[in-house]
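J.: Got a structure for you, questions after.
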Amino acid sequence: MASLMKEFTKGLWKELPPFRLVLGLCPTLAVTNTANNGLGMGAAVIFVLALSNVIISLVRNIIPKKVRIVCFIAIAASLVVAVEMLMQAFAYPLYEQLGIFVPLIVVNCIILGRAEAFAAKNPPLLSLADGLGMGIGFTLSLTFLGAIRESFGAGTLFGVSLFGPDFEPFTFMVQAPGAFVCLGLILAGMNYLNIWQAKRKGIELDPNFDAGCSGCGACKAMDKLAAQKKLERLQPAKG
Amino acid sequence: MMEIIRMVVVLSAITGLSGFVLSGLKVWTNPIIEEQVLMNVQGPALKQLFIDSTNDPIADRKTLPKPGSEGETIIVFPALKNGKLQAVAMEASGKGYGGDVNVLVGFDVTKDNLLGISVTTHKETPGLGSRIQEPAYTKQFKGKDPAKVALKKDGGDIDAVSGATFSSIGSTDAVKQAAGWYAALKDTIKTTWQ
C-alpha cells in the first residue's frame with residue numbers, strides 16, 4: 001500500500017512530467033492557450049497512460065524483448081484511436097480545438113517512457129498507480145500553464161472574465177512564443193524552489209534530482225554491466 | 001526459430017485484438033459522431049440560413065438518392081414553419097484553390113429561388129480565399145434564380161471576391177451543383193415533408 005501511494009504521488013511532484021522530467025513538451029506548449037484545452041488534453045492523456053500502463057504490465061511477460069517497442073506503440077495507438085473516437089462522439093468542440101494533437105498522443109514520450117521504464121517491469125496495480133499519477137501530474141501542469149497563459153493572454157479563466165472589460169490582454173501570451181516564455185519561467189521557478197528547499201534543510205543538492213531515476217535505473221544497469229565486463233577481463237581465458 | 005514464431009504470434013495477437021476492439025468501438029460511435037459533426041459543422045450554417053424556422057433541421061433531415069449518380073445519397077435539411085415546409089438546404093462542394101469548398105445551399109420551396117448560401121468547410125487561403133464566407137459575397141446569392149447563378153465573367157451577375165477567383169468559382173460551382181439536385185428532387189422534396 002505504501003509503495004502504491006509512492007508510485008502515485010511521485011508523478012504529482014517529484015517526477016512531474018513536463019516540469020521535472022521535461023517530457024511531453026509538444027502538447028504542453030501547443031495546446032495550453034486556454035486552461036480548458038490543457039485540462040481536456042490532460043484528461044485524454046490520463047486515459048491513455050493509465051490504460052496502456054495496465055495493459056502493458058499485464059502482457060509484460062509474454063512480450064518478446066526484441067519487439068517490445070512495437071507492441072507498446074500498437075497498444076498505445078489503439079487506445080489513442082479509441083480516445084479520438086470517444087472525444088468526437090461526446091466532446092466534439094474540444095476535439096476541434098485539440099485537432100492534430102489528439103492523434104499525436106501516440107508519440108508522446110510520456111506514454112512510451114512510462115511503458116518502457118515502469119510498466120514493463122512492474123505488476124499491473126503499481127503500473128496503474130504510476131500511470132494515474134503521471135497522468136494527473138501532466139494534467140495539472142497543463143492546466144496550470146494554460147491558466148497562466150489564458151488569464152494574461154485573454155483576461156479569462158476557463159472562459160470566465162477575470163479583470164473586467166477594461167483589461168487589455170497580452171495577446172503574446174496565447175501565441176507560441178508566450179508558451180516558451182511561460183514554460184521557461186516555470187522551470188526556473190521550480191529549480192529555484194528546489195535549491196531553496198535544499199538549502200533550508202541544509203542538505204547537498206542531488207545533481208540527479210530531476211532525472212526521474214526511480215523509474216529508470218538505466219545508469220545502475222550500466223554500472224553493473226561494466227563491472228561484469230571488468231570481471232570477465234580479469235579472469236584468465238579458458239584453454 | 002522458436003523466438004521468431006513467438007514474436008509473430010504475440011504481435012499478431014496484440015494487433016488483431018486491438019483491431020477487433022477498435023472496429024467494435026467504431027460501430028458504436030459512428031452514428032453519434034455523424035450527429036455531432038452535423039450539429040457542429042452544418043448546425044451554425046443552418047441557423048444562419050433558416051432564420052424563422054420552428055423545427056430542428058438536423059433532427060428532421062432526410063437522406064435522398066443523389067440525382068445523376070447511382071447509389072449515392074445526399075442529406076436534405078428542411079425548414080418548417082408551423083408544420084409547413086418553407087425551405088430546404090443541401091450541401092454541395094466545388095473545387096477551390098486549396099481543396100474542396102463545401103457550401104450549404106438553401107432553397108425557398110414556395111418561390112423556387114435561392115434562400116441563401118453558407119460556406120461550411122473550406123481550405124482556402126486565410127484572409128484571401130476565405131473571404132467567400134463573408135456576407136458581402138454570400139448575400140449576392142439571396143433570391144437568385146438557381147438555374148441562372150454564374151459569376152460575372154461567365155455572363156452572370158455574381159461579383160467574384162477580388163484576388164480569389166478560384167475560391168469564387170469553387171463556391172459558385174457548388175451552388176450550381178446543388179441547384180441541379182434541387183431541380184431534379186423538387187417534387188420529391190415537396191411531398192416528403194407535408
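Quick note on naming: the chains in the C-alpha cells go A, B, ... in the order shown, residues restart at 1 in each chain, and ligands are numbered from 1 in order of appearance.
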Return the neighbours of chain A among the residues of chain B, cut-off 9 Å, counting only C-alpha atoms, as a ChimeraX atom specification.
T.: /B:3,6-7,10-11,14-15,18-19,21-22,25-26,29-37,40
J.: Skipping near chain neighbours, those fewer than 3 positions away, what residues fall within 8 Å of Ser57 (chain A) using only C-alpha atoms, listed as a PyMOL selection string?
T.: chain A and resi 53-54+60+119-124+127
J.: I need the residues from that last selection saved to file as a short mmCIF file (atom, residue, chain, number, x, y, z; two decimals), in the first residue's frame (with C-alpha atoms), if you can.
T.:
```
data_model
loop_
_atom_site.label_atom_id
_atom_site.label_comp_id
_atom_site.auth_asym_id
_atom_site.auth_seq_id
_atom_site.Cartn_x
_atom_site.Cartn_y
_atom_site.Cartn_z
CA ASN A 53 0.32 1.04 -18.38
CA VAL A 54 -2.12 -1.58 -17.07
CA ARG A 60 4.79 -7.80 -19.98
CA ALA A 119 5.00 -0.80 -16.76
CA ALA A 120 7.27 -3.34 -18.43
CA LYS A 121 8.91 -4.15 -15.09
CA ASN A 122 6.12 -3.82 -12.51
CA PRO A 123 2.79 -5.52 -11.69
CA PRO A 124 -0.50 -4.05 -13.01
CA SER A 127 1.59 0.45 -13.06
#
```
J.: Contacts of Thr9 (chain A) at 12 Å or less, counting only C-alpha atoms, minus same-chain residues fewer than 4 places along, as a PDB file with N, CA and C atoms, in the first residue's frame?
T.:
```
ATOM      1  N   ALA A   2       1.923   1.178   0.818  1.00  0.00           N
ATOM      2  CA  ALA A   2       2.808   2.345   0.907  1.00  0.00           C
ATOM      3  C   ALA A   2       3.479   2.595  -0.438  1.00  0.00           C
ATOM      4  N   SER A   3       3.907   1.504  -1.100  1.00  0.00           N
ATOM      5  CA  SER A   3       4.590   1.692  -2.373  1.00  0.00           C
ATOM      6  C   SER A   3       3.603   2.146  -3.444  1.00  0.00           C
ATOM      7  N   LEU A   4       2.338   1.718  -3.298  1.00  0.00           N
ATOM      8  CA  LEU A   4       1.300   2.159  -4.231  1.00  0.00           C
ATOM      9  C   LEU A   4       1.152   3.679  -4.165  1.00  0.00           C
ATOM     10  N   MET A   5       1.089   4.187  -2.922  1.00  0.00           N
ATOM     11  CA  MET A   5       0.974   5.627  -2.728  1.00  0.00           C
ATOM     12  C   MET A   5       2.199   6.341  -3.288  1.00  0.00           C
ATOM     13  N   TRP A  13       4.627  15.436  -8.032  1.00  0.00           N
ATOM     14  CA  TRP A  13       5.600  16.473  -7.722  1.00  0.00           C
ATOM     15  C   TRP A  13       7.035  16.053  -8.038  1.00  0.00           C
ATOM     16  N   LYS A  14       7.462  14.922  -7.463  1.00  0.00           N
ATOM     17  CA  LYS A  14       8.872  14.578  -7.555  1.00  0.00           C
ATOM     18  C   LYS A  14       9.307  14.332  -8.994  1.00  0.00           C
ATOM     19  N   GLU A  15       8.432  13.688  -9.774  1.00  0.00           N
ATOM     20  CA  GLU A  15       8.769  13.426 -11.175  1.00  0.00           C
ATOM     21  C   GLU A  15       7.690  13.993 -12.087  1.00  0.00           C
ATOM     22  N   LEU A  16       7.204  15.173 -11.766  1.00  0.00           N
ATOM     23  CA  LEU A  16       6.176  15.840 -12.555  1.00  0.00           C
ATOM     24  C   LEU A  16       6.598  15.890 -14.031  1.00  0.00           C
ATOM     25  N   LEU A 126       0.587  -1.491  -9.491  1.00  0.00           N
ATOM     26  CA  LEU A 126       1.590  -0.425  -9.355  1.00  0.00           C
ATOM     27  C   LEU A 126       1.656   0.409 -10.625  1.00  0.00           C
ATOM     28  N   ALA A 129      -1.160   2.830 -10.726  1.00  0.00           N
ATOM     29  CA  ALA A 129      -0.890   3.975  -9.846  1.00  0.00           C
ATOM     30  C   ALA A 129       0.101   4.926 -10.499  1.00  0.00           C
ATOM     31  N   ASP A 130       1.139   4.358 -11.118  1.00  0.00           N
ATOM     32  CA  ASP A 130       2.137   5.175 -11.800  1.00  0.00           C
ATOM     33  C   ASP A 130       1.515   5.964 -12.946  1.00  0.00           C
ATOM     34  N   GLY A 131       0.693   5.264 -13.770  1.00  0.00           N
ATOM     35  CA  GLY A 131       0.059   5.917 -14.912  1.00  0.00           C
ATOM     36  C   GLY A 131      -0.873   7.023 -14.474  1.00  0.00           C
ATOM     37  N   LEU A 132      -1.699   6.726 -13.459  1.00  0.00           N
ATOM     38  CA  LEU A 132      -2.648   7.736 -12.971  1.00  0.00           C
ATOM     39  C   LEU A 132      -1.904   8.940 -12.413  1.00  0.00           C
ATOM     40  N   GLY A 133      -0.880   8.673 -11.616  1.00  0.00           N
ATOM     41  CA  GLY A 133      -0.123   9.765 -11.006  1.00  0.00           C
ATOM     42  C   GLY A 133       0.538  10.646 -12.046  1.00  0.00           C
ATOM     43  N   MET A 134       1.239   9.990 -12.992  1.00  0.00           N
ATOM     44  CA  MET A 134       1.895  10.745 -14.061  1.00  0.00           C
ATOM     45  C   MET A 134       0.870  11.518 -14.879  1.00  0.00           C
ATOM     46  N   GLY A 135      -0.249  10.857 -15.193  1.00  0.00           N
ATOM     47  CA  GLY A 135      -1.287  11.499 -15.998  1.00  0.00           C
ATOM     48  C   GLY A 135      -1.866  12.703 -15.285  1.00  0.00           C
ATOM     49  N   ILE A 136      -2.152  12.535 -13.990  1.00  0.00           N
ATOM     50  CA  ILE A 136      -2.737  13.650 -13.239  1.00  0.00           C
ATOM     51  C   ILE A 136      -1.720  14.774 -13.113  1.00  0.00           C
ATOM     52  N   GLY A 137      -0.447  14.411 -12.889  1.00  0.00           N
ATOM     53  CA  GLY A 137       0.594  15.433 -12.834  1.00  0.00           C
ATOM     54  C   GLY A 137       0.686  16.210 -14.134  1.00  0.00           C
TER      55      GLY A 137
END
```
J.: When you look at Asp154 (chain B) with a cut-off of 12 Å (counting only C-alpha atoms), what residues show up, excluding the ones that are within fewer than 4 positions of it in the same chain? I need them as a ChimeraX atom specification.
T.: /B:148-150,158-160,165,168-169,172-173
J.: Residues at most 9 Å from Cys182 (chain A), counting only C-alpha atoms, excluding those fewer than 3 positions away in the same chain, as a PDB file with N, CA and C atoms, in the first residue's frame?
T.:
```pdb
ATOM      1  N   LEU A 145      -0.322  25.811 -16.650  1.00  0.00           N
ATOM      2  CA  LEU A 145       0.271  26.619 -17.711  1.00  0.00           C
ATOM      3  C   LEU A 145      -0.817  27.306 -18.527  1.00  0.00           C
ATOM      4  N   ILE A 148      -2.335  30.248 -16.600  1.00  0.00           N
ATOM      5  CA  ILE A 148      -1.483  31.446 -16.630  1.00  0.00           C
ATOM      6  C   ILE A 148      -1.598  32.141 -17.974  1.00  0.00           C
ATOM      7  N   ARG A 149      -1.461  31.339 -19.046  1.00  0.00           N
ATOM      8  CA  ARG A 149      -1.475  31.946 -20.379  1.00  0.00           C
ATOM      9  C   ARG A 149      -2.829  32.550 -20.705  1.00  0.00           C
ATOM     10  N   MET A 173       0.880  36.205 -24.980  1.00  0.00           N
ATOM     11  CA  MET A 173       0.885  35.036 -24.104  1.00  0.00           C
ATOM     12  C   MET A 173       0.152  33.836 -24.678  1.00  0.00           C
ATOM     13  N   PRO A 177       5.231  31.927 -28.867  1.00  0.00           N
ATOM     14  CA  PRO A 177       6.371  32.390 -28.056  1.00  0.00           C
ATOM     15  C   PRO A 177       6.009  32.517 -26.582  1.00  0.00           C
ATOM     16  N   GLY A 178       4.770  32.914 -26.303  1.00  0.00           N
ATOM     17  CA  GLY A 178       4.320  33.036 -24.921  1.00  0.00           C
ATOM     18  C   GLY A 178       4.423  31.714 -24.187  1.00  0.00           C
ATOM     19  N   ALA A 179       4.159  30.612 -24.908  1.00  0.00           N
ATOM     20  CA  ALA A 179       4.254  29.284 -24.295  1.00  0.00           C
ATOM     21  C   ALA A 179       5.678  29.006 -23.849  1.00  0.00           C
ATOM     22  N   LEU A 185       9.924  30.262 -17.488  1.00  0.00           N
ATOM     23  CA  LEU A 185       9.789  30.879 -16.165  1.00  0.00           C
ATOM     24  C   LEU A 185       9.379  29.838 -15.125  1.00  0.00           C
ATOM     25  N   ILE A 186       8.461  28.934 -15.516  1.00  0.00           N
ATOM     26  CA  ILE A 186       8.018  27.911 -14.569  1.00  0.00           C
ATOM     27  C   ILE A 186       9.184  26.988 -14.199  1.00  0.00           C
ATOM     28  N   LEU A 187       9.970  26.576 -15.222  1.00  0.00           N
ATOM     29  CA  LEU A 187      11.116  25.697 -14.952  1.00  0.00           C
ATOM     30  C   LEU A 187      12.114  26.385 -14.032  1.00  0.00           C
TER      31      LEU A 187
END
```
J.: May I have the residues within 7 Å of Gly42 (chain A) as a list in words, using only C-alpha atoms and disregarding those fewer than 6 positions away in the same chain?
T.: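 Answer for this query is Gly135, Phe138, Thr139 and Leu142 of chain A.
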J.: Please report, as a list of chain:residue names, each residue of region 77-162 of chain B to which DSSP assigns helix (DSSP H, G or I) when run on this structure's backbone.
T.: B:Gly129, B:Ser130, B:Arg131, B:Ile132, B:Gln133, B:Pro135, B:Ala136, B:Tyr137, B:Thr138, B:Lys139, B:Gln140, B:Phe141, B:Pro146, B:Ala147, B:Lys148, B:Lys152, B:Lys153, B:Asp154
J.: Under the rule that only C-alpha atoms are counted, which of B:Tyr182, B:Trp193, B:Phe141, B:Phe20 is the nearest residue to Ala89 (chain B)?
T.: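 So, comparing all the options, the nearest one is B:Tyr182.
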J.: With only C-alpha atoms as the counted atoms, please give the residues lying no more than 10 Å from Met41 (chain A), apart from itself and same-chain residues fewer than 5 positions off, as a list in words.
T.: Pro27, Thr28, Val31, Thr32, Asn36, Ile46, Leu94, Tyr95, Gln97, Leu98, Phe101, Val102, Ile105, Phe138, Thr139, Leu142 and Thr143 of chain A
J.: So how many Å separate CA of Leu85 (chain B) and CA of Asp108 (chain B), to one decimal?
T.: 9.2 Å
J.: Rank B:Ala147, B:Val41, B:Val101, B:Ile51 by their smallest atom-to-atom distance to Leu80 (chain B), using only C-alpha atoms, and report the top residue only.
T.: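 With only C-alpha atoms as the atom set, the closest residue is B:Ile51.
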J.: Please extract the residues of chain A with a backbone DSSP assignment of strand (DSSP E) and present them as a ChimeraX atom specification.
T.: /A:156-157,160-161
J.: If you keep C-alpha atoms, can you produce a file of those selected residues as a CSV table (one decimal), in the first residue's frame?
T.:
```csv
chain,number,residue,atom,x,y,z
A,156,THR,CA,-10.3,35.0,-18.8
A,157,LEU,CA,-10.0,31.8,-16.8
A,160,VAL,CA,-14.9,33.4,-17.2
A,161,SER,CA,-13.7,37.1,-17.4
```
J.: What is the CA of Gly40 (chain A)-CA of Arg20 (chain A) distance in Å, reported with one decimal?
T.: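 Interatomic distance here is 21.3 Å.
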